[in-house]
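Structure data follow from upload03.tsv (TSV, C-alpha atoms):
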chain	number	residue	atom	x	y	z
M	207	MET	CA	-49.52	121.83	340.44
M	208	SER	CA	-51.38	124.59	342.20
M	209	MET	CA	-51.98	124.42	345.94
M	210	ILE	CA	-54.99	125.89	347.72
M	211	SER	CA	-54.24	127.72	350.95
M	212	ARG	CA	-55.49	130.61	353.03
M	213	ARG	CA	-53.89	133.62	354.70
M	214	VAL	CA	-55.34	135.58	357.58
M	215	PHE	CA	-53.86	139.00	358.34
M	216	LEU	CA	-54.10	139.64	362.04
M	217	GLY	CA	-55.38	142.88	363.49
M	218	GLY	CA	-53.89	144.91	366.30
M	219	GLY	CA	-51.70	147.25	364.27
M	220	ALA	CA	-47.98	147.58	364.95
M	221	LEU	CA	-48.36	146.44	368.55
M	222	GLY	CA	-50.08	143.20	367.51
M	223	ALA	CA	-47.46	142.52	364.85
M	224	THR	CA	-44.65	143.12	367.32
M	225	TRP	CA	-46.18	140.70	369.80
M	226	LEU	CA	-46.55	137.91	367.25
M	227	ARG	CA	-43.03	138.40	365.94
M	228	ALA	CA	-41.75	138.08	369.48
M	229	GLN	CA	-43.74	134.91	369.99
M	230	GLU	CA	-43.02	133.18	366.68
M	231	SER	CA	-40.21	135.18	364.98
M	232	GLN	CA	-42.37	135.24	361.85
M	233	ARG	CA	-44.48	137.71	359.94
M	234	PRO	CA	-47.92	138.22	361.55
M	235	THR	CA	-49.67	135.99	359.02
M	236	PHE	CA	-51.30	132.61	359.22
M	237	ARG	CA	-51.12	130.14	356.34
M	238	VAL	CA	-52.86	126.81	356.08
M	239	LYS	CA	-53.25	124.42	353.18
M	240	VAL	CA	-56.80	123.25	352.65
M	241	ASP	CA	-56.18	120.81	349.80
M	242	MET	CA	-57.91	118.19	351.93
M	243	VAL	CA	-60.84	119.13	354.15
M	244	VAL	CA	-61.09	117.39	357.53
M	245	LEU	CA	-64.63	117.38	358.91
M	246	SER	CA	-65.67	116.00	362.31
M	247	PHE	CA	-69.30	115.79	363.36
M	248	THR	CA	-71.66	114.02	365.73
M	249	VAL	CA	-75.06	112.48	365.04
M	250	THR	CA	-77.70	112.36	367.79
M	251	ASP	CA	-81.38	111.48	368.03
M	252	SER	CA	-84.23	113.60	369.37
M	253	HIS	CA	-83.23	112.63	372.93
M	254	ASN	CA	-79.62	113.78	372.37
M	255	ARG	CA	-78.31	110.20	372.36
M	256	TYR	CA	-75.37	109.48	370.09
M	257	ILE	CA	-76.04	107.45	366.95
M	258	ASN	CA	-73.19	105.00	366.40
M	259	GLY	CA	-72.39	102.38	363.80
M	260	LEU	CA	-73.19	104.42	360.70
M	261	LYS	CA	-71.10	103.78	357.58
M	262	ASN	CA	-69.63	106.12	354.99
M	263	THR	CA	-72.50	105.21	352.65
M	264	ASP	CA	-74.97	106.58	355.23
M	265	PHE	CA	-73.68	110.13	354.64
M	266	LYS	CA	-73.60	112.65	351.85
M	267	ILE	CA	-71.37	115.71	352.31
M	268	TYR	CA	-72.07	118.86	350.32
M	269	GLU	CA	-70.25	122.15	349.84
M	270	ASP	CA	-72.59	124.84	348.53
M	271	GLY	CA	-74.85	122.03	347.37
M	272	ILE	CA	-72.03	120.24	345.50
M	273	LEU	CA	-71.69	116.58	346.45
M	274	GLN	CA	-68.22	115.68	347.71
M	275	LYS	CA	-66.30	112.41	347.27
M	276	LEU	CA	-64.99	111.10	350.57
M	277	ALA	CA	-61.33	110.14	350.84
M	278	THR	CA	-61.41	108.68	354.36
M	279	PHE	CA	-64.03	107.81	356.95
M	280	GLY	CA	-63.67	107.12	360.65
M	281	GLU	CA	-65.82	106.71	363.73
M	282	GLY	CA	-64.77	107.55	367.28
M	283	THR	CA	-61.43	106.04	368.20
M	284	LYS	CA	-61.52	103.38	365.49
M	285	PRO	CA	-58.83	103.57	362.78
M	286	ALA	CA	-59.96	105.56	359.75
M	287	LEU	CA	-60.67	103.77	356.48
M	288	GLN	CA	-59.92	104.78	352.91
M	289	VAL	CA	-63.12	105.22	350.90
M	290	LEU	CA	-62.96	103.55	347.49
M	291	PRO	CA	-64.66	104.87	344.32
M	292	ASP	CA	-67.40	102.23	344.57
M	293	GLY	CA	-68.22	103.25	348.15
M	294	GLY	CA	-66.34	100.38	349.71
M	295	THR	CA	-63.59	100.88	352.28
M	296	ARG	CA	-60.20	99.45	353.16
M	297	PRO	CA	-57.60	100.07	355.86
M	298	LEU	CA	-55.26	103.01	355.36
M	299	THR	CA	-51.89	101.70	354.21
M	300	GLY	CA	-49.08	103.30	352.22
M	301	THR	CA	-49.31	106.53	350.24
M	302	GLU	CA	-51.09	107.18	346.99
M	303	SER	CA	-48.56	107.34	344.16
M	304	ALA	CA	-47.53	110.73	342.80
M	305	GLU	CA	-48.47	109.61	339.27
M	306	SER	CA	-51.96	108.59	340.35
M	307	ALA	CA	-52.44	111.80	342.29
M	308	GLU	CA	-51.20	113.93	339.41
M	309	GLN	CA	-53.71	112.31	337.07
M	310	LYS	CA	-56.45	113.31	339.48
M	311	GLY	CA	-55.16	116.87	339.61
M	312	LYS	CA	-54.44	116.91	343.32
M	313	PRO	CA	-51.53	116.30	345.69
M	314	GLY	CA	-50.75	112.80	346.88
M	315	LEU	CA	-53.01	111.55	349.64
M	316	ASP	CA	-51.06	110.50	352.70
M	317	LEU	CA	-52.65	107.16	353.54
M	318	ARG	CA	-50.45	106.26	356.47
M	319	GLY	CA	-52.89	104.91	358.99
M	320	ASP	CA	-51.05	106.32	362.00
M	321	ALA	CA	-51.90	109.88	360.92
M	322	PHE	CA	-55.61	109.05	361.24
M	323	VAL	CA	-55.57	107.05	364.49
M	324	GLY	CA	-57.07	108.74	367.53
M	325	THR	CA	-57.50	112.45	368.17
M	326	ASN	CA	-54.81	115.08	368.70
M	327	VAL	CA	-56.06	116.98	371.75
M	328	PHE	CA	-54.62	120.42	372.54
M	329	VAL	CA	-55.51	121.59	376.06
M	330	LEU	CA	-55.15	125.35	376.59
M	331	PHE	CA	-55.11	126.15	380.32
M	332	ASP	CA	-55.69	129.66	381.64
M	333	THR	CA	-53.10	130.40	384.36
M	334	SER	CA	-53.81	134.12	384.64
M	335	ASN	CA	-54.58	135.91	387.87
M	336	PHE	CA	-58.30	135.44	387.23
M	337	MET	CA	-57.78	131.71	387.84
M	338	TYR	CA	-55.74	132.06	391.02
M	339	ARG	CA	-58.36	130.80	393.51
M	340	SER	CA	-59.29	127.67	391.51
M	341	PHE	CA	-55.84	126.94	390.08
M	342	VAL	CA	-55.17	123.66	391.91
M	343	TYR	CA	-58.68	122.29	391.39
M	344	ALA	CA	-58.50	123.14	387.70
M	345	GLU	CA	-55.22	121.26	387.37
M	346	ASP	CA	-56.79	118.20	388.98
M	347	ALA	CA	-59.77	118.28	386.60
M	348	ILE	CA	-57.48	118.57	383.55
M	349	ALA	CA	-55.20	115.78	384.82
M	350	ASP	CA	-58.19	113.45	385.29
M	351	PHE	CA	-59.32	114.24	381.75
M	352	VAL	CA	-55.88	113.49	380.30
M	353	ARG	CA	-55.70	110.16	382.15
M	354	GLY	CA	-59.08	109.15	380.78
M	355	LEU	CA	-58.34	109.80	377.11
M	356	ASP	CA	-58.36	106.84	374.75
M	357	ARG	CA	-54.98	105.15	374.35
M	358	ALA	CA	-54.92	106.11	370.68
M	359	ASP	CA	-55.28	109.82	371.46
M	360	SER	CA	-52.36	112.22	371.72
M	361	VAL	CA	-52.45	115.25	373.99
M	362	ALA	CA	-50.55	118.54	374.27
M	363	VAL	CA	-50.81	120.91	377.23
M	364	TYR	CA	-50.39	124.65	376.75
M	365	THR	CA	-50.74	127.30	379.43
M	366	PHE	CA	-51.23	131.02	379.05
M	367	SER	CA	-51.61	134.28	380.85
M	368	ARG	CA	-50.09	137.23	378.98
M	369	ASN	CA	-47.84	134.83	377.02
M	370	LEU	CA	-48.24	131.26	375.81
M	371	SER	CA	-46.20	128.41	377.26
M	372	ARG	CA	-46.00	125.00	375.58
M	373	ALA	CA	-45.97	122.96	378.79
M	374	ALA	CA	-46.05	119.55	377.10
M	375	ALA	CA	-45.65	118.79	373.40
M	376	LEU	CA	-48.10	116.48	371.65
M	377	THR	CA	-47.60	113.00	373.12
M	378	ARG	CA	-49.31	109.75	374.03
M	379	ASP	CA	-47.34	109.66	377.27
M	380	ARG	CA	-49.94	110.74	379.84
M	381	ASN	CA	-47.33	111.20	382.58
M	382	ASN	CA	-45.35	113.59	380.40
M	383	ALA	CA	-48.45	115.65	379.64
M	384	ILE	CA	-49.54	115.79	383.28
M	385	GLY	CA	-45.99	116.62	384.36
M	386	GLY	CA	-46.04	119.65	382.08
M	387	LEU	CA	-49.42	120.63	383.49
M	388	ARG	CA	-48.16	120.39	387.08
M	389	ARG	CA	-45.22	122.68	386.31
M	390	ALA	CA	-47.59	125.50	385.37
M	391	VAL	CA	-47.38	128.66	387.47
M	392	ALA	CA	-49.90	131.43	387.96
M	393	GLY	CA	-49.38	134.46	385.71
M	394	ASP	CA	-50.79	137.93	385.34
M	395	ASP	CA	-53.09	139.39	382.65
M	396	THR	CA	-55.13	137.24	380.29
M	397	ALA	CA	-54.35	137.07	376.56
M	398	LEU	CA	-56.72	134.21	375.74
M	399	TYR	CA	-57.18	134.89	372.02
M	400	ASN	CA	-53.47	135.40	371.42
M	401	GLY	CA	-52.79	132.03	373.05
M	402	LEU	CA	-55.65	130.35	371.22
M	403	LEU	CA	-54.41	131.58	367.84
M	404	LEU	CA	-50.91	130.21	368.45
M	405	THR	CA	-52.37	126.90	369.67
M	406	LEU	CA	-54.42	126.65	366.48
M	407	ARG	CA	-51.28	127.38	364.47
M	408	ASP	CA	-49.54	124.41	366.10
M	409	ALA	CA	-52.57	122.15	365.71
M	410	ALA	CA	-52.88	123.03	362.01
M	411	LYS	CA	-49.46	121.48	361.37
M	412	VAL	CA	-50.58	118.08	362.65
M	413	PRO	CA	-52.24	115.65	360.20
M	414	GLY	CA	-55.44	113.87	361.10
M	415	ARG	CA	-58.15	114.82	363.54
M	416	LYS	CA	-57.50	117.47	366.19
M	417	VAL	CA	-59.45	119.51	368.75
M	418	VAL	CA	-58.62	122.38	371.08
M	419	ILE	CA	-60.01	122.50	374.63
M	420	VAL	CA	-59.91	125.91	376.29
M	421	PHE	CA	-60.13	125.99	380.09
M	422	SER	CA	-60.53	129.60	381.19
M	423	ASN	CA	-62.21	131.99	383.58
M	424	GLY	CA	-63.40	134.10	380.68
M	425	PRO	CA	-62.36	137.77	380.56
M	426	ASP	CA	-59.55	138.66	378.14
M	427	ASN	CA	-57.72	141.90	378.88
M	428	ALA	CA	-54.43	141.58	376.97
M	429	SER	CA	-54.96	140.04	373.50
M	430	MET	CA	-53.89	141.79	370.29
M	431	VAL	CA	-56.18	139.75	368.03
M	432	ALA	CA	-59.96	139.73	367.82
M	433	PRO	CA	-61.87	136.61	368.90
M	434	ASP	CA	-63.78	136.41	365.60
M	435	ASP	CA	-60.49	136.37	363.66
M	436	VAL	CA	-59.35	133.43	365.78
M	437	ARG	CA	-62.71	131.72	365.37
M	438	ALA	CA	-62.49	132.07	361.59
M	439	VAL	CA	-59.08	130.36	361.55
M	440	ALA	CA	-60.40	127.40	363.56
M	441	GLU	CA	-63.52	127.25	361.42
M	442	ASP	CA	-61.59	127.28	358.16
M	443	GLU	CA	-59.01	124.76	359.35
M	444	GLY	CA	-61.63	122.37	360.73
M	445	ILE	CA	-60.47	122.34	364.36
M	446	PRO	CA	-63.39	122.09	366.82
M	447	ILE	CA	-62.99	124.23	369.91
M	448	TYR	CA	-64.44	123.15	373.25
M	449	VAL	CA	-64.60	125.82	375.93
M	450	ILE	CA	-64.92	125.25	379.68
M	451	SER	CA	-65.47	128.51	381.54
M	452	THR	CA	-65.14	128.61	385.32
M	453	SER	CA	-67.28	131.74	385.38
M	454	GLU	CA	-71.08	131.95	385.51
M	455	VAL	CA	-72.78	132.26	382.15
M	456	ASN	CA	-74.58	135.50	383.10
M	457	LYS	CA	-71.72	137.11	385.01
M	458	ASP	CA	-69.82	138.17	381.88
M	459	PRO	CA	-72.31	138.02	378.99
M	460	ILE	CA	-69.77	139.34	376.47
M	461	SER	CA	-67.24	136.58	377.11
M	462	SER	CA	-70.02	134.00	377.35
M	463	GLY	CA	-71.36	135.08	373.97
M	464	VAL	CA	-67.92	134.86	372.40
M	465	PHE	CA	-67.30	131.41	373.89
M	466	ARG	CA	-70.65	130.15	372.66
M	467	ARG	CA	-70.06	131.53	369.14
M	468	ILE	CA	-66.52	130.10	368.89
M	469	ALA	CA	-67.67	126.65	370.00
M	470	THR	CA	-70.78	126.53	367.82
M	471	ARG	CA	-69.09	127.80	364.66
M	472	THR	CA	-66.27	125.26	364.90
M	473	GLY	CA	-68.36	122.21	365.77
M	474	GLY	CA	-67.42	122.13	369.45
M	475	LYS	CA	-69.33	122.91	372.65
M	476	ALA	CA	-69.21	125.49	375.44
M	477	TYR	CA	-69.65	124.72	379.13
M	478	TRP	CA	-69.98	126.90	382.22
M	479	ALA	CA	-68.57	125.04	385.20
M	480	LYS	CA	-67.82	127.06	388.31
M	481	THR	CA	-67.28	124.10	390.67
M	482	TRP	CA	-64.73	121.32	390.41
M	483	GLN	CA	-67.52	118.74	390.03
M	484	LYS	CA	-69.06	120.65	387.10
M	485	GLN	CA	-65.62	120.91	385.49
M	486	VAL	CA	-65.13	117.15	385.77
M	487	GLU	CA	-68.57	116.65	384.21
M	488	ALA	CA	-67.71	119.00	381.36
M	489	PHE	CA	-64.50	117.13	380.61
M	490	GLU	CA	-66.40	113.83	380.71
M	491	SER	CA	-68.91	115.23	378.21
M	492	ILE	CA	-66.06	116.26	375.90
M	493	ARG	CA	-64.42	112.85	376.18
M	494	GLU	CA	-67.75	111.23	375.32
M	495	ASP	CA	-68.17	113.58	372.37
M	496	LEU	CA	-64.74	112.65	370.99
M	497	GLY	CA	-65.49	108.96	371.29
M	498	ASN	CA	-68.77	109.27	369.41
M	499	SER	CA	-67.77	111.58	366.57
M	500	TYR	CA	-67.42	110.75	362.90
M	501	THR	CA	-64.50	112.18	360.91
M	502	VAL	CA	-64.31	112.33	357.13
M	503	THR	CA	-61.81	113.86	354.73
M	504	TYR	CA	-62.29	114.90	351.12
M	505	TYR	CA	-60.81	116.99	348.35
M	506	PRO	CA	-63.25	119.81	347.49
M	507	GLN	CA	-64.91	119.46	344.10
M	508	PRO	CA	-64.52	122.39	341.67
M	509	ASN	CA	-66.38	125.38	343.07
M	510	PRO	CA	-66.19	129.00	341.82
M	511	ASN	CA	-67.04	130.32	345.29
M	512	GLU	CA	-63.89	131.86	346.81
M	513	GLY	CA	-65.78	133.09	349.87
M	514	PHE	CA	-67.51	131.13	352.61
M	515	ARG	CA	-68.38	127.60	351.48
M	516	ARG	CA	-71.27	126.11	353.42
M	517	ILE	CA	-70.92	122.48	354.45
M	518	THR	CA	-74.00	120.27	354.79
M	519	VAL	CA	-74.02	116.74	356.20
M	520	ASP	CA	-77.00	114.60	355.21
M	521	VAL	CA	-77.72	111.25	356.84
M	522	VAL	CA	-79.29	109.44	353.89
M	523	SER	CA	-80.23	106.41	355.98
M	524	ASP	CA	-82.32	108.61	358.30
M	525	VAL	CA	-85.56	108.31	356.36
M	526	GLY	CA	-87.61	110.08	359.01
M	527	LYS	CA	-85.13	112.98	359.27
M	528	LYS	CA	-85.03	112.61	363.05
M	529	TYR	CA	-81.26	112.71	363.50
M	530	ARG	CA	-79.36	115.87	364.36
M	531	VAL	CA	-75.90	116.56	362.97
M	532	ARG	CA	-73.51	118.94	364.75
M	533	SER	CA	-70.54	120.16	362.71
M	534	ARG	CA	-68.84	123.36	361.64
M	535	PRO	CA	-70.99	125.23	359.10
M	536	GLY	CA	-68.24	125.73	356.53
M	537	TYR	CA	-64.92	127.40	355.73
M	538	ARG	CA	-63.26	130.02	353.52
M	539	PRO	CA	-60.67	128.85	351.01
M	540	ARG	CA	-58.06	131.36	349.86
M	541	GLY	CA	-55.72	131.14	346.90
M	542	VAL	CA	-52.07	132.21	347.22
Entire entry expressed as structure tokens:
Amino acid sequence: MSMISRRVFLGGGALGATWLRAQESQRPTFRVKVDMVVLSFTVTDSHNRYINGLKNTDFKIYEDGILQKLATFGEGTKPALQVLPDGGTRPLTGTESAESAEQKGKPGLDLRGDAFVGTNVFVLFDTSNFMYRSFVYAEDAIADFVRGLDRADSVAVYTFSRNLSRAAALTRDRNNAIGGLRRAVAGDDTALYNGLLLTLRDAAKVPGRKVVIVFSNGPDNASMVAPDDVRAVAEDEGIPIYVISTSEVNKDPISSGVFRRIATRTGGKAYWAKTWQKQVEAFESIREDLGNSYTVTYYPQPNPNEGFRRITVDVVSDVGKKYRVRSRPGYRPRGV
């Protein structure tokens, strides 16, 4: 049985490869299986109000115009449901048999409900010298966000300056996560995209829905990988990236442009929040976004396109076409 996966070769020459080997003791490659596509998206009206209560039958998902068959469907923090061939749904229980999966020409679908409950939130906190003045206030804003997450959500806290530190592994224990955050210490140079790539690598190993939240001042002066390479990995793996920058949007237009592109292309959002109050508001907006998102999974239908596959989400119940859908635009499958 063949498996679909992708490999991204990281730039940066020998120096970049040496850095990644030191961080992960592996070859400087990134592999992810994309047998099942995980797609999160929000639906809003013309006044930017969330549209809730839609069912799996209200949506049609296309890749390059090819209609996809949904495997699971979930809304907000509610447990995901298995989508049946007739369009009906049932709770996720057990695992699809190997024989049944083999007949369908795909790997067994893990239907354990706990893998699809809540969101796996990876917080990436910039502790470089650029953040020195607002370090304590930033910690407080992140801690408040962690406390306010839904009980079903899991959270991991990573910090970075030149190197990445896994301050708190993925957990539902809020005290453990905040404890790891409080142990963070200020560092030196900023290797944001190195740290973001390694965070995405960890997140890709976790089943179910996941997001990465980057809290940073903006400028990167030490990374060995390009931001667009990192963005492509998140885009292909289906991990929305939310960015909160403590800088002003016009102060560093290059970083601001990169942040906006990374967030938009992965289905997340970018915020510029210089004050503590604006940072709290940004985190509240993200928390609201997570609670009002839809998440579906599906096995891609046969498609000869080995390049970028464009994803389209249609709300079939929206007769007047007034709803707006925000999601990642697509991904790139790669055979091994």
Problem set entry | Of the listed residues M:Thr452, M:Asn427, M:Ser461, M:Gln274, that which approaches Thr481 of chain M most closely, counting all atoms listed in the file | M:Thr452
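Considering the residues M:Glu443, M:Asp408, M:Asp458, M:Glu281 and counting only C-alpha atoms, Arg534 of chain M has its shortest atom-to-atom contact with M:Glu443.
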For this session: Name all residues at most 8 Å from Ala397 of chain M (count all atoms listed in the file; drop same-chain ones fewer than 4 positions away) and give them as a PyMOL selection string.
Result: chain M and resi 366-369+401+426-430
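With only C-alpha atoms as the atoms that count, the residue of M:Gly463, M:Pro539, M:Gly526, M:Pro297 with the shortest distance to Asp251 of chain M is M:Gly526.
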Can you find the residues with an atom no farther than 10 Å from (-60.3, 106.9, 359.6), counting all atoms listed in the file, and report them as a PDB file with C-alpha atoms, in the frame of the given file?
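Dumped to selection19.pdb:
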ATOM      1  CA  ALA M 277     -61.330 110.140 350.840  1.00  0.00           C
ATOM      2  CA  THR M 278     -61.410 108.680 354.360  1.00  0.00           C
ATOM      3  CA  PHE M 279     -64.030 107.810 356.950  1.00  0.00           C
ATOM      4  CA  GLY M 280     -63.670 107.120 360.650  1.00  0.00           C
ATOM      5  CA  GLU M 281     -65.820 106.710 363.730  1.00  0.00           C
ATOM      6  CA  GLY M 282     -64.770 107.550 367.280  1.00  0.00           C
ATOM      7  CA  THR M 283     -61.430 106.040 368.200  1.00  0.00           C
ATOM      8  CA  LYS M 284     -61.520 103.380 365.490  1.00  0.00           C
ATOM      9  CA  PRO M 285     -58.830 103.570 362.780  1.00  0.00           C
ATOM     10  CA  ALA M 286     -59.960 105.560 359.750  1.00  0.00           C
ATOM     11  CA  LEU M 287     -60.670 103.770 356.480  1.00  0.00           C
ATOM     12  CA  GLN M 288     -59.920 104.780 352.910  1.00  0.00           C
ATOM     13  CA  VAL M 289     -63.120 105.220 350.900  1.00  0.00           C
ATOM     14  CA  ARG M 296     -60.200  99.450 353.160  1.00  0.00           C
ATOM     15  CA  PRO M 297     -57.600 100.070 355.860  1.00  0.00           C
ATOM     16  CA  LEU M 298     -55.260 103.010 355.360  1.00  0.00           C
ATOM     17  CA  LEU M 317     -52.650 107.160 353.540  1.00  0.00           C
ATOM     18  CA  GLY M 319     -52.890 104.910 358.990  1.00  0.00           C
ATOM     19  CA  ASP M 320     -51.050 106.320 362.000  1.00  0.00           C
ATOM     20  CA  ALA M 321     -51.900 109.880 360.920  1.00  0.00           C
ATOM     21  CA  PHE M 322     -55.610 109.050 361.240  1.00  0.00           C
ATOM     22  CA  VAL M 323     -55.570 107.050 364.490  1.00  0.00           C
ATOM     23  CA  GLY M 324     -57.070 108.740 367.530  1.00  0.00           C
ATOM     24  CA  GLY M 414     -55.440 113.870 361.100  1.00  0.00           C
ATOM     25  CA  ARG M 415     -58.150 114.820 363.540  1.00  0.00           C
ATOM     26  CA  TYR M 500     -67.420 110.750 362.900  1.00  0.00           C
ATOM     27  CA  THR M 501     -64.500 112.180 360.910  1.00  0.00           C
ATOM     28  CA  VAL M 502     -64.310 112.330 357.130  1.00  0.00           C
ATOM     29  CA  THR M 503     -61.810 113.860 354.730  1.00  0.00           C
TER      30      THR M 503
END
